[in-house]
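Just below is one structure, and these are the notes that go with it.
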Amino acid sequence: MISIENLTKKFGKAIVLDRLNLKVEKGERIALIGQNGAGKTTLIRVLLGHYLHEGSVSVFGFNPRKNRVEILDRIGFVPQLPPPIQMTVEELVSFSAATSRISTPEKIHDHAENLGLDIAENSKKTFQKLSGGMKQKLLISLALAREPEILVMDEPAANLDPQGRQAFFLYLTRHMQNTTMLLSSHRVDEVISLITRIIELDFGKIMRDELVNPQESAGQMLDCKISFINPNDATGRAMENWNFQAINGGLEFEGQFIGADKLRFLTELSHFANNIKKLKID
Amino acid sequence: MKTLIQVAKADLRESVRAKWFLIYSLVFGGSIVLLFALRITESKVLGFTGLSRLLITYIQLCVAVLPILILVSTVRSVVGDRESNILEYFLSMPISLGAYFWGKIMSKFILIFVPIFLALIGAILWGTIKSLTIPWSIAGYYSLLLATLSWCFLGIGMLISAVVKRQEWGLGLSILIWLVLLLFIDVILIGLMLQHKIIEGVIVGISLLNPMMAFRTGAVLLFDPELTAIGPASFVILDEMGHNGFLSFTLLYPFFLGWLFAGLGYHRFRKGDLF
């Protein structure tokens, strides 16, 4: 699906990608990790046909620069930072649908609704006026509505609330089994439950390329019950953030989260490690 | 073509929402209103009065401000989108580079030309209401002249926008180009002529390569067929090209330059890294 041979990209004298070789098969879900300046964004931009380069790159058997439109029609891209688009939400939805072979405004509305964003309610607002989370949900919806064969996302869940993340991961694990994913992230724990392969870049070279066993429970909802030794405002807020309900007068909390979010949930809970009396996850 | 129209429509909507478009429209619409309010139609210059007099003043005003307004408003197109990451996002959609670039140009041309054209139409309508004689040939020619001048400077603006890496550089370069063209209308050329270092034909040739000068001289030609207002240079121009030949030149030359610069801009845009 993606084939890269001896890919080198220089900006002036600086070598950003250094003789990179990589093959990605259909259905692989890859976490592209590395420090700032490791070459993640540059690699993505080469695959999207934005950069000229040395070496050979092929996506779906085509050259990404020469066959941009054919390739991009089969790729969904979600940037890390939402661009300051001045269009209204309605205009952006129409624009995105009109440039795609598959996407329609109805599909975009459906995806947004699943992620907890009501497009109709915000249709007259400019994209710029939406909150960070709403922008991210809309950009994800625009990408998913294209039914892409390759999904490229830069820090995909960074701006999402737990509810949005849950819906997003649920969709990815249940409906996009055959979609190849390239998830660029600083933190592997954000996406670990979704992926089947980790590629770590450093100074433009692949430092690590490992297969990962996909987490079986990634697409399932997990029941959780937790009690604290000394419940306080901070624990209450954290639980509320995950949509957990207080029971027994606030001594205990119960709720659900998606398996794909397990590591993130436990990481957040680790802040209260000394305060946890009992934790049960089914 | 469908994507090109989508890009043009999206750019049109965004630009109409922006404040510069409002200011731009007010400058030209307001200037016509001001010219009427100052009763310029009742004054007389070179035998011209009424609506002809007003259109002549309007066209002179356009010579002065239109090029810089076009450059300043156009030069941000590509480089502004590049700096704000909008370009990265839009070009990650199945939009060809041609559809993006020419869609932007199409939208900008409409945005630039429509307000000045509507101001011209407004003047004609008001003149009709006031029972003034309508100089149709002057109005028609000036419309075409404004269209080709807009196209020419739009091409220059898009070339700058495709070449520079930062908006500030683009703005600086635009002002520099405008100043050089403005100086070459008179100041530098008169200086050269005074020093008698270059023969007259060459001076006139150089001056007509300047689209602002071609525009200005073309505008004069219609109400001053002998070009007496520009002095001895008129002999060179009219002897070489004739009246109709020179009128055609003032329309076709800026039009050609616009295509040339826009084409160069597109070539630069698609040949390099997009960001």
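A note on labels: chains of the structure tokens are A, B, ... as shown, every chain counts residues from 1, and ligands are counted from 1 in their shown order.
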Go through chain A and flag each residue having an atom no more than 10 Å from chain B; for those, report the closest pair of atoms plus their distance in Å to one decimal, using only C-alpha atoms, ordered by chain and rising number, as JSON lines.
{"residue": "A:Phe11", "atom": "CA", "partner": "B:Asp273", "partner_atom": "CA", "distance": 9.9}
{"residue": "A:Arg45", "atom": "CA", "partner": "B:Glu88", "partner_atom": "CA", "distance": 8.5}
{"residue": "A:Val46", "atom": "CA", "partner": "B:Asp273", "partner_atom": "CA", "distance": 9.5}
{"residue": "A:Leu48", "atom": "CA", "partner": "B:Ser92", "partner_atom": "CA", "distance": 6.4}
{"residue": "A:Gly49", "atom": "CA", "partner": "B:Ser92", "partner_atom": "CA", "distance": 8.4}
{"residue": "A:His50", "atom": "CA", "partner": "B:Leu274", "partner_atom": "CA", "distance": 5.3}
{"residue": "A:Tyr51", "atom": "CA", "partner": "B:Asp273", "partner_atom": "CA", "distance": 4.6}
{"residue": "A:Leu52", "atom": "CA", "partner": "B:Asp273", "partner_atom": "CA", "distance": 5.7}
{"residue": "A:His53", "atom": "CA", "partner": "B:Asp273", "partner_atom": "CA", "distance": 9.0}
{"residue": "A:Arg65", "atom": "CA", "partner": "B:Arg270", "partner_atom": "CA", "distance": 9.6}
{"residue": "A:Asn67", "atom": "CA", "partner": "B:Ser96", "partner_atom": "CA", "distance": 9.2}
{"residue": "A:Arg68", "atom": "CA", "partner": "B:Ser96", "partner_atom": "CA", "distance": 7.0}
{"residue": "A:Val69", "atom": "CA", "partner": "B:Pro94", "partner_atom": "CA", "distance": 4.5}
{"residue": "A:Glu70", "atom": "CA", "partner": "B:Pro94", "partner_atom": "CA", "distance": 7.1}
{"residue": "A:Ile71", "atom": "CA", "partner": "B:Pro94", "partner_atom": "CA", "distance": 7.6}
{"residue": "A:Leu72", "atom": "CA", "partner": "B:Pro94", "partner_atom": "CA", "distance": 4.8}
{"residue": "A:Asp73", "atom": "CA", "partner": "B:Pro94", "partner_atom": "CA", "distance": 5.0}
{"residue": "A:Arg74", "atom": "CA", "partner": "B:Pro94", "partner_atom": "CA", "distance": 8.5}
{"residue": "A:Ile75", "atom": "CA", "partner": "B:Met93", "partner_atom": "CA", "distance": 8.1}
{"residue": "A:Gly76", "atom": "CA", "partner": "B:Met93", "partner_atom": "CA", "distance": 7.8}
{"residue": "A:Phe77", "atom": "CA", "partner": "B:Ser92", "partner_atom": "CA", "distance": 6.5}
{"residue": "A:Val78", "atom": "CA", "partner": "B:Tyr89", "partner_atom": "CA", "distance": 8.1}
{"residue": "A:Pro79", "atom": "CA", "partner": "B:Tyr89", "partner_atom": "CA", "distance": 7.2}
{"residue": "A:Leu81", "atom": "CA", "partner": "B:Asn85", "partner_atom": "CA", "distance": 8.6}
{"residue": "A:Pro82", "atom": "CA", "partner": "B:Asn85", "partner_atom": "CA", "distance": 8.4}
{"residue": "A:Pro83", "atom": "CA", "partner": "B:Ile86", "partner_atom": "CA", "distance": 5.2}
{"residue": "A:Pro84", "atom": "CA", "partner": "B:Ser84", "partner_atom": "CA", "distance": 6.7}
{"residue": "A:Ile85", "atom": "CA", "partner": "B:Ile86", "partner_atom": "CA", "distance": 6.6}
{"residue": "A:Gln86", "atom": "CA", "partner": "B:Glu14", "partner_atom": "CA", "distance": 5.9}
{"residue": "A:Met87", "atom": "CA", "partner": "B:Glu14", "partner_atom": "CA", "distance": 6.1}
{"residue": "A:Thr88", "atom": "CA", "partner": "B:Glu14", "partner_atom": "CA", "distance": 9.0}
{"residue": "A:Glu91", "atom": "CA", "partner": "B:Ala10", "partner_atom": "CA", "distance": 7.6}
{"residue": "A:Leu92", "atom": "CA", "partner": "B:Ala10", "partner_atom": "CA", "distance": 8.4}
{"residue": "A:Ser94", "atom": "CA", "partner": "B:Gln6", "partner_atom": "CA", "distance": 9.3}
{"residue": "A:Phe95", "atom": "CA", "partner": "B:Gln6", "partner_atom": "CA", "distance": 6.6}
{"residue": "A:Ser96", "atom": "CA", "partner": "B:Met93", "partner_atom": "CA", "distance": 7.7}
{"residue": "A:Ala98", "atom": "CA", "partner": "B:Gln6", "partner_atom": "CA", "distance": 7.4}
{"residue": "A:Thr99", "atom": "CA", "partner": "B:Thr3", "partner_atom": "CA", "distance": 6.0}
{"residue": "A:Ser100", "atom": "CA", "partner": "B:Pro94", "partner_atom": "CA", "distance": 6.6}
{"residue": "A:Arg101", "atom": "CA", "partner": "B:Pro94", "partner_atom": "CA", "distance": 8.9}
{"residue": "A:Leu139", "atom": "CA", "partner": "B:Tyr89", "partner_atom": "CA", "distance": 9.8}
{"residue": "A:Ala143", "atom": "CA", "partner": "B:Met93", "partner_atom": "CA", "distance": 9.1}
{"residue": "A:Arg146", "atom": "CA", "partner": "B:Met93", "partner_atom": "CA", "distance": 9.8}
Considering only C-alpha atoms, return as a list in words whatever protein or nucleic-acid residues lie within 10 Å of Ile134 (chain B), sequence-local ones (same chain, fewer than 3 positions apart) excluded.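 Selected residues are Gly50, Leu51, Ser52, Ala123, Ile124, Leu125, Gly127, Thr128, Ser131, Ser137, Ile138 and Ala139 of chain B.
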Query - Contacts of region 199-211 of chain A within 6 Å, only C-alpha atoms, excl. fewer than 5 positions in-chain, as a PyMOL selection string - result: chain A and resi 16-18+32-34+38-39
Now that the selection is made, can you save its residues with all heavy atoms as a CSV table (one decimal), in the first residue's frame?
chain,number,residue,atom,x,y,z
A,16,VAL,N,16.4,16.0,6.9
A,16,VAL,CA,15.3,15.8,7.8
A,16,VAL,C,14.9,14.3,7.7
A,16,VAL,O,14.5,13.7,8.7
A,16,VAL,CB,14.1,16.7,7.5
A,16,VAL,CG1,13.0,16.5,8.4
A,16,VAL,CG2,14.6,18.2,7.5
A,17,LEU,N,14.9,13.7,6.5
A,17,LEU,CA,14.7,12.3,6.4
A,17,LEU,C,15.9,11.7,5.7
A,17,LEU,O,16.3,12.2,4.7
A,17,LEU,CB,13.4,12.0,5.6
A,17,LEU,CG,12.1,12.5,6.2
A,17,LEU,CD1,10.9,12.2,5.2
A,17,LEU,CD2,11.8,11.8,7.5
A,18,ASP,N,16.4,10.6,6.3
A,18,ASP,CA,17.7,10.1,5.9
A,18,ASP,C,17.7,8.7,5.4
A,18,ASP,O,17.6,7.7,6.2
A,18,ASP,CB,18.7,10.3,7.1
A,18,ASP,CG,20.1,10.1,6.6
A,18,ASP,OD1,20.4,9.9,5.4
A,18,ASP,OD2,21.0,10.1,7.5
A,32,LEU,N,3.4,6.5,14.6
A,32,LEU,CA,4.6,7.1,14.2
A,32,LEU,C,5.1,8.0,15.3
A,32,LEU,O,4.4,9.0,15.5
A,32,LEU,CB,4.3,7.9,12.9
A,32,LEU,CG,5.5,8.3,12.0
A,32,LEU,CD1,6.2,7.1,11.5
A,32,LEU,CD2,4.9,9.1,10.8
A,33,ILE,N,6.1,7.6,16.0
A,33,ILE,CA,6.4,8.4,17.2
A,33,ILE,C,7.8,8.9,17.1
A,33,ILE,O,8.6,8.5,16.2
A,33,ILE,CB,6.3,7.5,18.5
A,33,ILE,CG1,7.3,6.3,18.4
A,33,ILE,CG2,4.9,7.1,18.8
A,33,ILE,CD1,7.4,5.6,19.8
A,34,GLY,N,8.1,9.9,17.9
A,34,GLY,CA,9.5,10.5,17.9
A,34,GLY,C,9.4,11.9,18.5
A,34,GLY,O,8.3,12.5,18.6
A,38,ALA,N,11.9,15.0,14.6
A,38,ALA,CA,12.4,13.6,14.3
A,38,ALA,C,12.1,13.3,12.8
A,38,ALA,O,12.8,12.5,12.2
A,38,ALA,CB,11.7,12.6,15.2
A,39,GLY,N,11.1,14.0,12.2
A,39,GLY,CA,10.8,13.8,10.8
A,39,GLY,C,9.4,13.3,10.6
A,39,GLY,O,9.1,12.9,9.4
| said: DSSP on the backbone, strand (DSSP E) only: what residues of region 38-131 of chain A does that give? Format it as a list in words. | reply: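 Filtering region 38-131 of chain A down to strand (DSSP E) leaves Glu54, Gly55, Ser56, Val57, Ser58, Val59, Ile75, Gly76, Phe77 and Val78 of chain A.
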Each region 116-226 of chain A residue no farther than 10 Å from region 237-258 of chain A, nearest pair in Å, only C-alpha atoms, as a tab-separated table:
residue	atom	partner	partner_atom	distance
A:Asp161	CA	A:Asn241	CA	8.0
A:Pro162	CA	A:Trp242	CA	5.8
A:Gln163	CA	A:Trp242	CA	7.2
A:Arg165	CA	A:Ile258	CA	8.8
A:Gln166	CA	A:Ile258	CA	5.7
A:Ala167	CA	A:Ile258	CA	8.4
A:Phe168	CA	A:Ile258	CA	9.9
A:Phe169	CA	A:Ile258	CA	7.5
A:Leu170	CA	A:Ile258	CA	7.0
A:Ser217	CA	A:Ile258	CA	8.2
A:Ala218	CA	A:Ile258	CA	6.7
A:Gly219	CA	A:Ile258	CA	6.5
A:Gln220	CA	A:Ile258	CA	5.7
A:Met221	CA	A:Ile258	CA	4.4
A:Leu222	CA	A:Gln256	CA	5.4
A:Asp223	CA	A:Gln256	CA	4.7
A:Cys224	CA	A:Gly255	CA	5.5
A:Lys225	CA	A:Glu254	CA	4.4
A:Ile226	CA	A:Phe253	CA	5.3
Writing out the chosen residues with N, CA, C and O atoms as a short mmCIF file (atom, residue, chain, number, x, y, z; two decimals), in the first residue's frame:
data_model
loop_
_atom_site.label_atom_id
_atom_site.label_comp_id
_atom_site.auth_asym_id
_atom_site.auth_seq_id
_atom_site.Cartn_x
_atom_site.Cartn_y
_atom_site.Cartn_z
N ASP A 161 -12.35 15.41 24.31
CA ASP A 161 -12.73 15.07 25.68
C ASP A 161 -12.92 13.54 25.74
O ASP A 161 -12.98 12.87 24.71
N PRO A 162 -13.02 12.95 26.95
CA PRO A 162 -13.13 11.49 27.04
C PRO A 162 -14.28 10.92 26.22
O PRO A 162 -14.15 9.88 25.60
N GLN A 163 -15.40 11.67 26.19
CA GLN A 163 -16.55 11.19 25.43
C GLN A 163 -16.25 11.15 23.93
O GLN A 163 -16.55 10.16 23.25
N ARG A 165 -13.27 11.02 22.59
CA ARG A 165 -12.23 10.01 22.36
C ARG A 165 -12.84 8.62 22.30
O ARG A 165 -12.49 7.80 21.47
N GLN A 166 -13.79 8.40 23.22
CA GLN A 166 -14.45 7.09 23.29
C GLN A 166 -15.16 6.79 21.96
O GLN A 166 -14.99 5.72 21.39
N ALA A 167 -15.93 7.76 21.50
CA ALA A 167 -16.67 7.57 20.24
C ALA A 167 -15.69 7.39 19.07
O ALA A 167 -15.92 6.56 18.19
N PHE A 168 -14.64 8.13 19.12
CA PHE A 168 -13.63 8.09 18.04
C PHE A 168 -12.95 6.73 18.00
O PHE A 168 -12.88 6.08 16.94
N PHE A 169 -12.47 6.26 19.15
CA PHE A 169 -11.80 4.96 19.21
C PHE A 169 -12.76 3.82 18.86
O PHE A 169 -12.38 2.85 18.20
N LEU A 170 -13.99 3.97 19.34
CA LEU A 170 -15.00 2.95 19.06
C LEU A 170 -15.20 2.82 17.56
O LEU A 170 -15.24 1.72 17.01
N SER A 217 -9.51 -5.97 23.69
CA SER A 217 -10.65 -5.25 24.26
C SER A 217 -10.73 -3.80 23.77
O SER A 217 -11.53 -3.04 24.26
N ALA A 218 -9.88 -3.46 22.78
CA ALA A 218 -9.81 -2.05 22.36
C ALA A 218 -11.16 -1.49 21.94
O ALA A 218 -11.47 -0.35 22.22
N GLY A 219 -11.97 -2.33 21.29
CA GLY A 219 -13.25 -1.83 20.79
C GLY A 219 -14.41 -2.12 21.73
O GLY A 219 -15.56 -1.93 21.35
N GLN A 220 -14.12 -2.62 22.93
CA GLN A 220 -15.22 -2.96 23.85
C GLN A 220 -15.34 -1.91 24.95
O GLN A 220 -14.36 -1.29 25.35
N MET A 221 -16.56 -1.81 25.47
CA MET A 221 -16.77 -0.92 26.60
C MET A 221 -16.46 -1.69 27.89
O MET A 221 -16.88 -2.83 28.05
N LEU A 222 -15.68 -1.09 28.73
CA LEU A 222 -15.29 -1.75 29.99
C LEU A 222 -16.05 -1.10 31.15
O LEU A 222 -16.14 0.12 31.24
N ASP A 223 -16.61 -1.97 32.01
CA ASP A 223 -17.29 -1.47 33.22
C ASP A 223 -16.24 -1.24 34.29
O ASP A 223 -15.32 -2.05 34.46
N CYS A 224 -16.40 -0.19 35.02
CA CYS A 224 -15.41 0.13 36.05
C CYS A 224 -16.10 0.66 37.30
O CYS A 224 -17.08 1.42 37.23
N LYS A 225 -15.59 0.22 38.43
CA LYS A 225 -16.09 0.71 39.71
C LYS A 225 -14.87 1.07 40.55
O LYS A 225 -13.90 0.29 40.62
N ILE A 226 -14.92 2.21 41.17
CA ILE A 226 -13.74 2.66 41.92
C ILE A 226 -14.19 3.33 43.22
O ILE A 226 -15.19 4.04 43.26
#
Could you pull out the residues in region 41-76 of chain B that DSSP calls alpha helix (DSSP H) from the backbone, as a compact mmCIF listing (two decimals) with N, CA and C atoms, in the first residue's frame?
# COMPACT_ATOMS: atom_id res chain seq x y z
N GLY B 50 -19.40 66.98 -17.80
CA GLY B 50 -20.42 65.95 -17.54
C GLY B 50 -19.80 64.65 -17.09
N LEU B 51 -20.44 63.54 -17.54
CA LEU B 51 -20.01 62.21 -17.09
C LEU B 51 -18.62 61.85 -17.62
N SER B 52 -18.28 62.32 -18.82
CA SER B 52 -16.94 62.06 -19.37
C SER B 52 -15.87 62.62 -18.44
N ARG B 53 -16.12 63.81 -17.95
CA ARG B 53 -15.17 64.47 -17.04
C ARG B 53 -15.01 63.64 -15.77
N LEU B 54 -16.13 63.13 -15.28
CA LEU B 54 -16.09 62.33 -14.06
C LEU B 54 -15.33 61.01 -14.29
N LEU B 55 -15.60 60.37 -15.43
CA LEU B 55 -14.93 59.09 -15.71
C LEU B 55 -13.43 59.28 -15.87
N ILE B 56 -13.05 60.41 -16.47
CA ILE B 56 -11.62 60.70 -16.65
C ILE B 56 -10.95 60.83 -15.28
N THR B 57 -11.60 61.54 -14.38
CA THR B 57 -11.03 61.70 -13.03
C THR B 57 -10.98 60.34 -12.31
N TYR B 58 -12.06 59.57 -12.50
CA TYR B 58 -12.14 58.25 -11.85
C TYR B 58 -11.00 57.35 -12.33
N ILE B 59 -10.75 57.39 -13.63
CA ILE B 59 -9.71 56.51 -14.18
C ILE B 59 -8.32 56.95 -13.69
N GLN B 60 -8.13 58.26 -13.54
CA GLN B 60 -6.84 58.75 -13.01
C GLN B 60 -6.65 58.29 -11.56
N LEU B 61 -7.75 58.30 -10.84
CA LEU B 61 -7.71 57.83 -9.45
C LEU B 61 -7.34 56.34 -9.41
N CYS B 62 -7.92 55.59 -10.35
CA CYS B 62 -7.63 54.15 -10.42
C CYS B 62 -6.15 53.90 -10.73
N VAL B 63 -5.58 54.72 -11.61
CA VAL B 63 -4.15 54.57 -11.93
C VAL B 63 -3.32 54.68 -10.66
N ALA B 64 -3.73 55.61 -9.82
CA ALA B 64 -2.92 55.87 -8.62
C ALA B 64 -3.07 54.78 -7.56
N VAL B 65 -4.29 54.34 -7.31
CA VAL B 65 -4.48 53.45 -6.15
C VAL B 65 -4.75 51.98 -6.47
N LEU B 66 -5.30 51.71 -7.66
CA LEU B 66 -5.69 50.33 -7.95
C LEU B 66 -4.52 49.33 -7.89
N PRO B 67 -3.38 49.63 -8.56
CA PRO B 67 -2.29 48.64 -8.53
C PRO B 67 -1.85 48.26 -7.13
N ILE B 68 -1.66 49.23 -6.25
CA ILE B 68 -1.16 48.90 -4.91
C ILE B 68 -2.23 48.17 -4.11
N LEU B 69 -3.49 48.55 -4.29
CA LEU B 69 -4.56 47.83 -3.58
C LEU B 69 -4.63 46.37 -4.02
N ILE B 70 -4.49 46.17 -5.32
CA ILE B 70 -4.53 44.79 -5.85
C ILE B 70 -3.35 43.99 -5.31
N LEU B 71 -2.17 44.59 -5.36
CA LEU B 71 -0.97 43.87 -4.91
C LEU B 71 -1.09 43.51 -3.43
N VAL B 72 -1.47 44.48 -2.62
CA VAL B 72 -1.53 44.24 -1.17
C VAL B 72 -2.58 43.18 -0.83
N SER B 73 -3.70 43.20 -1.55
CA SER B 73 -4.75 42.24 -1.21
C SER B 73 -4.49 40.86 -1.81
N THR B 74 -3.69 40.77 -2.86
CA THR B 74 -3.46 39.48 -3.53
C THR B 74 -2.24 38.75 -2.99
N ARG B 76 -1.09 38.04 -0.28
CA ARG B 76 -1.22 37.11 0.86
C ARG B 76 -1.79 35.75 0.44
